[in-house]
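Working notes, beginning with the structure itself.
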Amino acid sequence: MSAKLIKGTEIREQILEEITAEVAEIKEKHGVVPGLVTILVGENPASISYVTLKIKTAHRVGFHEIQDSQPVDLSEEALLGLIDKYNKDDAIHGILVQLPLPKHVDEKKVLNAIDPDKDVDGFHPVNVGRLMIGGDEVKFPPCTPAGIQEMIVRAGVETKGAEVVVVGRSNIVGKPIANMMLQKGVGANSTVTIVHTGTKDLASHCQRADILIVAAGVPGLVKPEWIKPGACVIDVGVNRIGEKISEKTGKKIAILSGDVDFDAAKEIAGWITPVPGGVGPMTITMLMKNTLKSLKFKLGIA
Ligand code: NAD
């Protein structure tokens, strides 16, 4: 194997330790800790496990954390009332509404009701606009793209002047990471191309990428011959391609694969992220970072 592995599991530990230390310092100096509330409507098993992990991580880094679980038939009005309550709560600096919401609730209306200064997911149109403007305007970069950029920086990959090709144009990964990589500043200043289902010749674009960020959700989409030797390959894709029995628990677990042919790509790339254990662990980590930032903005120390 020639490529260096960029492991999200290791970077997560470093960042969570940094956050824990900073939380303790702020608590000592200012007598306050970041507060994060997660609102869960209904009992979708995947949502419960995401929320549990978020709350567990928030607890680990010393945050004040609330898991607000609501019944599946909670009305839209009641949910908006709940958001209003947390918008006004001085002990809460980050509000998360776990998606998907039940069908009778207008998701967009609910997400747009969150105070942009507590929108630590970074999906509110105000924060999307701030990200587009860049520089000091940015408050909360969305968590998965922020995690991708952090991995690239911590791996020591040169981004200034680099050709970055992003595969995928979703609002949660493709568009924001492309936008972040083209801004001036550390971990960016790149020349960016976004390719998608409307692109004529995917291979030719990928082949000139110094940094190839793939977020399509198509297993094995990126072939080894599309990778420039020595490139940094960030595989965001998480695809369930089968099931196996866990050696640890004896229970059935999903076999996951990325969007890149990892075994072949690692012989060509300079850096590569594995799936699982690559980008995946970074999302919740960056959520913690955004929540800490939210408190720091409030205290005027960001
Ligand atoms: P999405 O379905 O919203 O968007 C996928 C994008 O890829 C679309 O813009 C589409 O145009 C493009 N695309 C799809 N097939 C293509 C093809 N054959 N050729 C070119 N472009 C193609 O998906 P998303 O939400 O951006 O997620 C993408 C992948 O990343 C998924 O596998 C998802 O599970 C994973 N993901 C992982 C994390 C994480 O690890 N934390 C977070 C978010 C998403």
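Chain lettering (A, B, ...) mirrors the order of the structure tokens, residue numbering begins at 1 for each chain separately, and ligand numbering begins at 1 in order of display.
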
Which residues of chain A come within 6 Å of ligand 1, and what is each one's closest atom pair and distance in Å (one decimal), counting only C-alpha atoms and all ligand atoms, sorted by chain and residue number, as a Markdown table?
| residue | atom | partner | partner_atom_place_in_ligand_line | distance |
| --- | --- | --- | --- | --- |
| A:Thr144 | CA | ligand 1 | 41 (N) | 5.3 |
| A:Val167 | CA | ligand 1 | 21 (N) | 5.7 |
| A:Gly168 | CA | ligand 1 | 7 (O) | 3.4 |
| A:Arg169 | CA | ligand 1 | 9 (O) | 3.6 |
| A:Ser170 | CA | ligand 1 | 26 (O) | 4.5 |
| A:Ile172 | CA | ligand 1 | 26 (O) | 5.8 |
| A:Val173 | CA | ligand 1 | 26 (O) | 4.8 |
| A:Gly174 | CA | ligand 1 | 26 (O) | 5.9 |
| A:His196 | CA | ligand 1 | 21 (N) | 3.5 |
| A:Thr197 | CA | ligand 1 | 20 (C) | 4.1 |
| A:Ala215 | CA | ligand 1 | 28 (C) | 4.1 |
| A:Ala216 | CA | ligand 1 | 7 (O) | 3.3 |
| A:Gly217 | CA | ligand 1 | 32 (O) | 3.2 |
| A:Val218 | CA | ligand 1 | 15 (N) | 5.8 |
| A:Val236 | CA | ligand 1 | 30 (O) | 4.7 |
| A:Gly237 | CA | ligand 1 | 32 (O) | 3.5 |
| A:Val238 | CA | ligand 1 | 32 (O) | 4.0 |
| A:Asn239 | CA | ligand 1 | 32 (O) | 5.3 |
| A:Val279 | CA | ligand 1 | 40 (O) | 4.9 |
| A:Gly280 | CA | ligand 1 | 40 (O) | 3.3 |
| A:Thr283 | CA | ligand 1 | 41 (N) | 4.9 |

Any chance you can output those residues with N, CA and C atoms as an mmCIF file, in the first residue's frame?
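Saved to out23.cif:
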data_model
loop_
_atom_site.group_PDB
_atom_site.id
_atom_site.type_symbol
_atom_site.label_atom_id
_atom_site.label_comp_id
_atom_site.auth_asym_id
_atom_site.auth_seq_id
_atom_site.Cartn_x
_atom_site.Cartn_y
_atom_site.Cartn_z
ATOM 1 N N THR A 144 -20.321 17.630 8.110
ATOM 2 C CA THR A 144 -19.548 16.668 7.295
ATOM 3 C C THR A 144 -18.492 17.401 6.451
ATOM 4 N N VAL A 167 -17.147 15.168 -6.331
ATOM 5 C CA VAL A 167 -18.157 14.371 -7.036
ATOM 6 C C VAL A 167 -19.433 14.408 -6.186
ATOM 7 N N GLY A 168 -20.480 15.031 -6.719
ATOM 8 C CA GLY A 168 -21.756 15.143 -5.987
ATOM 9 C C GLY A 168 -22.062 16.595 -5.678
ATOM 10 N N ARG A 169 -23.334 16.971 -5.767
ATOM 11 C CA ARG A 169 -23.732 18.371 -5.554
ATOM 12 C C ARG A 169 -24.865 18.488 -4.541
ATOM 13 N N SER A 170 -24.839 17.647 -3.518
ATOM 14 C CA SER A 170 -25.906 17.743 -2.507
ATOM 15 C C SER A 170 -25.695 18.982 -1.645
ATOM 16 N N ILE A 172 -25.830 18.984 1.541
ATOM 17 C CA ILE A 172 -25.166 18.699 2.822
ATOM 18 C C ILE A 172 -23.689 18.355 2.667
ATOM 19 N N VAL A 173 -23.274 17.911 1.474
ATOM 20 C CA VAL A 173 -21.847 17.589 1.305
ATOM 21 C C VAL A 173 -21.238 18.313 0.090
ATOM 22 N N GLY A 174 -21.664 17.943 -1.103
ATOM 23 C CA GLY A 174 -20.993 18.410 -2.327
ATOM 24 C C GLY A 174 -20.887 19.923 -2.443
ATOM 25 N N HIS A 196 -21.200 15.860 -11.403
ATOM 26 C CA HIS A 196 -22.487 15.319 -10.935
ATOM 27 C C HIS A 196 -23.113 14.473 -12.039
ATOM 28 N N THR A 197 -24.395 14.134 -11.854
ATOM 29 C CA THR A 197 -25.049 13.252 -12.832
ATOM 30 C C THR A 197 -25.175 13.903 -14.216
ATOM 31 N N ALA A 215 -18.692 12.182 -3.001
ATOM 32 C CA ALA A 215 -19.905 12.071 -2.176
ATOM 33 C C ALA A 215 -21.096 11.833 -3.101
ATOM 34 N N ALA A 216 -21.134 10.634 -3.673
ATOM 35 C CA ALA A 216 -22.201 10.313 -4.631
ATOM 36 C C ALA A 216 -23.178 9.275 -4.083
ATOM 37 N N GLY A 217 -22.702 8.400 -3.209
ATOM 38 C CA GLY A 217 -23.561 7.326 -2.710
ATOM 39 C C GLY A 217 -23.700 6.203 -3.720
ATOM 40 N N VAL A 218 -22.646 5.999 -4.521
ATOM 41 C CA VAL A 218 -22.656 4.922 -5.522
ATOM 42 C C VAL A 218 -21.404 4.056 -5.289
ATOM 43 N N VAL A 236 -16.462 9.972 0.855
ATOM 44 C CA VAL A 236 -17.540 10.298 1.803
ATOM 45 C C VAL A 236 -18.648 9.229 1.765
ATOM 46 N N GLY A 237 -18.714 8.505 0.686
ATOM 47 C CA GLY A 237 -19.807 7.540 0.489
ATOM 48 C C GLY A 237 -19.899 6.490 1.593
ATOM 49 N N VAL A 238 -21.129 6.227 2.002
ATOM 50 C CA VAL A 238 -21.383 5.131 2.952
ATOM 51 C C VAL A 238 -22.506 4.303 2.338
ATOM 52 N N ASN A 239 -22.145 3.143 1.809
ATOM 53 C CA ASN A 239 -23.124 2.306 1.114
ATOM 54 C C ASN A 239 -23.184 0.938 1.774
ATOM 55 N N VAL A 279 -14.367 9.461 6.963
ATOM 56 C CA VAL A 279 -15.141 10.695 7.170
ATOM 57 C C VAL A 279 -16.229 10.503 8.233
ATOM 58 N N GLY A 280 -16.820 9.309 8.287
ATOM 59 C CA GLY A 280 -17.949 9.038 9.180
ATOM 60 C C GLY A 280 -17.820 9.619 10.588
ATOM 61 N N THR A 283 -18.331 13.738 11.518
ATOM 62 C CA THR A 283 -19.532 14.592 11.497
ATOM 63 C C THR A 283 -19.956 15.004 12.910
#

What are the DSSP alpha helix (DSSP H) residues of segment 125-299 of chain A, as a VMD selection string? chain A and resid 125 to 133 143 to 154 174 to 182 202 to 206 262 to 265 282 to 299

Per DSSP on the backbone, what are the strand (DSSP E or B) residues of segment 136-223 of chain A, as number ranges by chain? A: 163-167, 191-195, 211-214, 222

Store the residues of this selection in a file with N, CA, C and O atoms, as a PDB file, in the first residue's frame.
ATOM      1  N   GLU A 163      -5.876  21.449  -7.400  1.00  0.00           N
ATOM      2  CA  GLU A 163      -7.087  21.156  -8.186  1.00  0.00           C
ATOM      3  C   GLU A 163      -7.958  20.251  -7.323  1.00  0.00           C
ATOM      4  O   GLU A 163      -7.562  19.118  -7.013  1.00  0.00           O
ATOM      5  N   VAL A 164      -9.110  20.756  -6.916  1.00  0.00           N
ATOM      6  CA  VAL A 164     -10.034  19.943  -6.117  1.00  0.00           C
ATOM      7  C   VAL A 164     -11.217  19.569  -6.995  1.00  0.00           C
ATOM      8  O   VAL A 164     -11.824  20.436  -7.629  1.00  0.00           O
ATOM      9  N   VAL A 165     -11.520  18.275  -7.065  1.00  0.00           N
ATOM     10  CA  VAL A 165     -12.716  17.845  -7.792  1.00  0.00           C
ATOM     11  C   VAL A 165     -13.664  17.193  -6.788  1.00  0.00           C
ATOM     12  O   VAL A 165     -13.272  16.301  -6.030  1.00  0.00           O
ATOM     13  N   VAL A 166     -14.894  17.719  -6.751  1.00  0.00           N
ATOM     14  CA  VAL A 166     -15.915  17.199  -5.841  1.00  0.00           C
ATOM     15  C   VAL A 166     -16.937  16.429  -6.674  1.00  0.00           C
ATOM     16  O   VAL A 166     -17.492  16.972  -7.627  1.00  0.00           O
ATOM     17  N   VAL A 167     -17.147  15.168  -6.331  1.00  0.00           N
ATOM     18  CA  VAL A 167     -18.157  14.371  -7.036  1.00  0.00           C
ATOM     19  C   VAL A 167     -19.433  14.408  -6.186  1.00  0.00           C
ATOM     20  O   VAL A 167     -19.455  13.892  -5.070  1.00  0.00           O
ATOM     21  N   THR A 191      -8.587  25.419  -6.557  1.00  0.00           N
ATOM     22  CA  THR A 191      -9.371  25.584  -7.783  1.00  0.00           C
ATOM     23  C   THR A 191     -10.347  24.419  -7.825  1.00  0.00           C
ATOM     24  O   THR A 191      -9.927  23.261  -7.832  1.00  0.00           O
ATOM     25  N   VAL A 192     -11.639  24.740  -7.820  1.00  0.00           N
ATOM     26  CA  VAL A 192     -12.631  23.693  -7.554  1.00  0.00           C
ATOM     27  C   VAL A 192     -13.528  23.400  -8.752  1.00  0.00           C
ATOM     28  O   VAL A 192     -13.998  24.316  -9.422  1.00  0.00           O
ATOM     29  N   THR A 193     -13.755  22.129  -8.975  1.00  0.00           N
ATOM     30  CA  THR A 193     -14.721  21.677  -9.987  1.00  0.00           C
ATOM     31  C   THR A 193     -15.729  20.772  -9.283  1.00  0.00           C
ATOM     32  O   THR A 193     -15.333  19.938  -8.465  1.00  0.00           O
ATOM     33  N   ILE A 194     -17.013  20.946  -9.591  1.00  0.00           N
ATOM     34  CA  ILE A 194     -18.018  20.009  -9.076  1.00  0.00           C
ATOM     35  C   ILE A 194     -18.523  19.175 -10.247  1.00  0.00           C
ATOM     36  O   ILE A 194     -18.898  19.723 -11.285  1.00  0.00           O
ATOM     37  N   VAL A 195     -18.508  17.863 -10.086  1.00  0.00           N
ATOM     38  CA  VAL A 195     -19.080  16.989 -11.122  1.00  0.00           C
ATOM     39  C   VAL A 195     -20.278  16.249 -10.530  1.00  0.00           C
ATOM     40  O   VAL A 195     -20.364  16.051  -9.319  1.00  0.00           O
ATOM     41  N   ILE A 211      -6.877  16.776  -5.160  1.00  0.00           N
ATOM     42  CA  ILE A 211      -7.721  16.349  -4.039  1.00  0.00           C
ATOM     43  C   ILE A 211      -9.074  15.949  -4.630  1.00  0.00           C
ATOM     44  O   ILE A 211      -9.744  16.764  -5.272  1.00  0.00           O
ATOM     45  N   LEU A 212      -9.426  14.688  -4.443  1.00  0.00           N
ATOM     46  CA  LEU A 212     -10.680  14.174  -5.013  1.00  0.00           C
ATOM     47  C   LEU A 212     -11.634  13.854  -3.868  1.00  0.00           C
ATOM     48  O   LEU A 212     -11.333  13.003  -3.026  1.00  0.00           O
ATOM     49  N   ILE A 213     -12.750  14.568  -3.829  1.00  0.00           N
ATOM     50  CA  ILE A 213     -13.723  14.382  -2.738  1.00  0.00           C
ATOM     51  C   ILE A 213     -14.969  13.753  -3.349  1.00  0.00           C
ATOM     52  O   ILE A 213     -15.600  14.345  -4.225  1.00  0.00           O
ATOM     53  N   VAL A 214     -15.286  12.543  -2.901  1.00  0.00           N
ATOM     54  CA  VAL A 214     -16.364  11.799  -3.573  1.00  0.00           C
ATOM     55  C   VAL A 214     -17.541  11.605  -2.632  1.00  0.00           C
ATOM     56  O   VAL A 214     -17.430  10.964  -1.588  1.00  0.00           O
ATOM     57  N   VAL A 222     -15.898   5.499  -8.398  1.00  0.00           N
ATOM     58  CA  VAL A 222     -14.593   6.015  -8.829  1.00  0.00           C
ATOM     59  C   VAL A 222     -13.620   4.857  -9.042  1.00  0.00           C
ATOM     60  O   VAL A 222     -13.286   4.112  -8.130  1.00  0.00           O
TER      61      VAL A 222
END

Leaving out Ala21 of chain A and any residue of its chain fewer than 5 positions from it, which residues lie within 9 Å of it when counting only C-alpha atoms, given as a ChimeraX atom specification? /A:16,26,61

Keeping all heavy atoms, export the residues of the selection given above as a PDB file, in the first residue's frame.
ATOM      1  N   LEU A  16     -11.714  15.758  19.964  1.00  0.00           N
ATOM      2  CA  LEU A  16     -12.554  15.698  21.173  1.00  0.00           C
ATOM      3  C   LEU A  16     -11.729  16.037  22.418  1.00  0.00           C
ATOM      4  O   LEU A  16     -12.224  16.679  23.344  1.00  0.00           O
ATOM      5  CB  LEU A  16     -13.237  14.332  21.309  1.00  0.00           C
ATOM      6  CG  LEU A  16     -14.321  14.031  20.257  1.00  0.00           C
ATOM      7  CD1 LEU A  16     -14.960  12.656  20.510  1.00  0.00           C
ATOM      8  CD2 LEU A  16     -15.415  15.095  20.217  1.00  0.00           C
ATOM      9  N   ILE A  26     -12.993  27.257  29.683  1.00  0.00           N
ATOM     10  CA  ILE A  26     -14.076  28.257  29.625  1.00  0.00           C
ATOM     11  C   ILE A  26     -14.916  28.176  30.903  1.00  0.00           C
ATOM     12  O   ILE A  26     -15.321  29.195  31.470  1.00  0.00           O
ATOM     13  CB  ILE A  26     -14.947  28.043  28.360  1.00  0.00           C
ATOM     14  CG1 ILE A  26     -14.142  28.410  27.113  1.00  0.00           C
ATOM     15  CG2 ILE A  26     -16.231  28.867  28.426  1.00  0.00           C
ATOM     16  CD1 ILE A  26     -14.835  28.124  25.799  1.00  0.00           C
ATOM     17  N   VAL A  61     -17.474  15.433  26.293  1.00  0.00           N
ATOM     18  CA  VAL A  61     -16.631  16.642  26.219  1.00  0.00           C
ATOM     19  C   VAL A  61     -17.022  17.703  27.254  1.00  0.00           C
ATOM     20  O   VAL A  61     -16.483  18.809  27.264  1.00  0.00           O
ATOM     21  CB  VAL A  61     -16.606  17.261  24.796  1.00  0.00           C
ATOM     22  CG1 VAL A  61     -15.937  16.323  23.815  1.00  0.00           C
ATOM     23  CG2 VAL A  61     -18.008  17.622  24.301  1.00  0.00           C
TER      24      VAL A  61
END

I'd like the interatomic distance between atom CA of Gly135 of chain A and atom CA of Leu5 of chain A, to a tenth of an Å. 29.8 Å

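The spacing separating atom CA of Pro125 of chain A from atom CA of Asp68 of chain A amounts to 24.2 Å.
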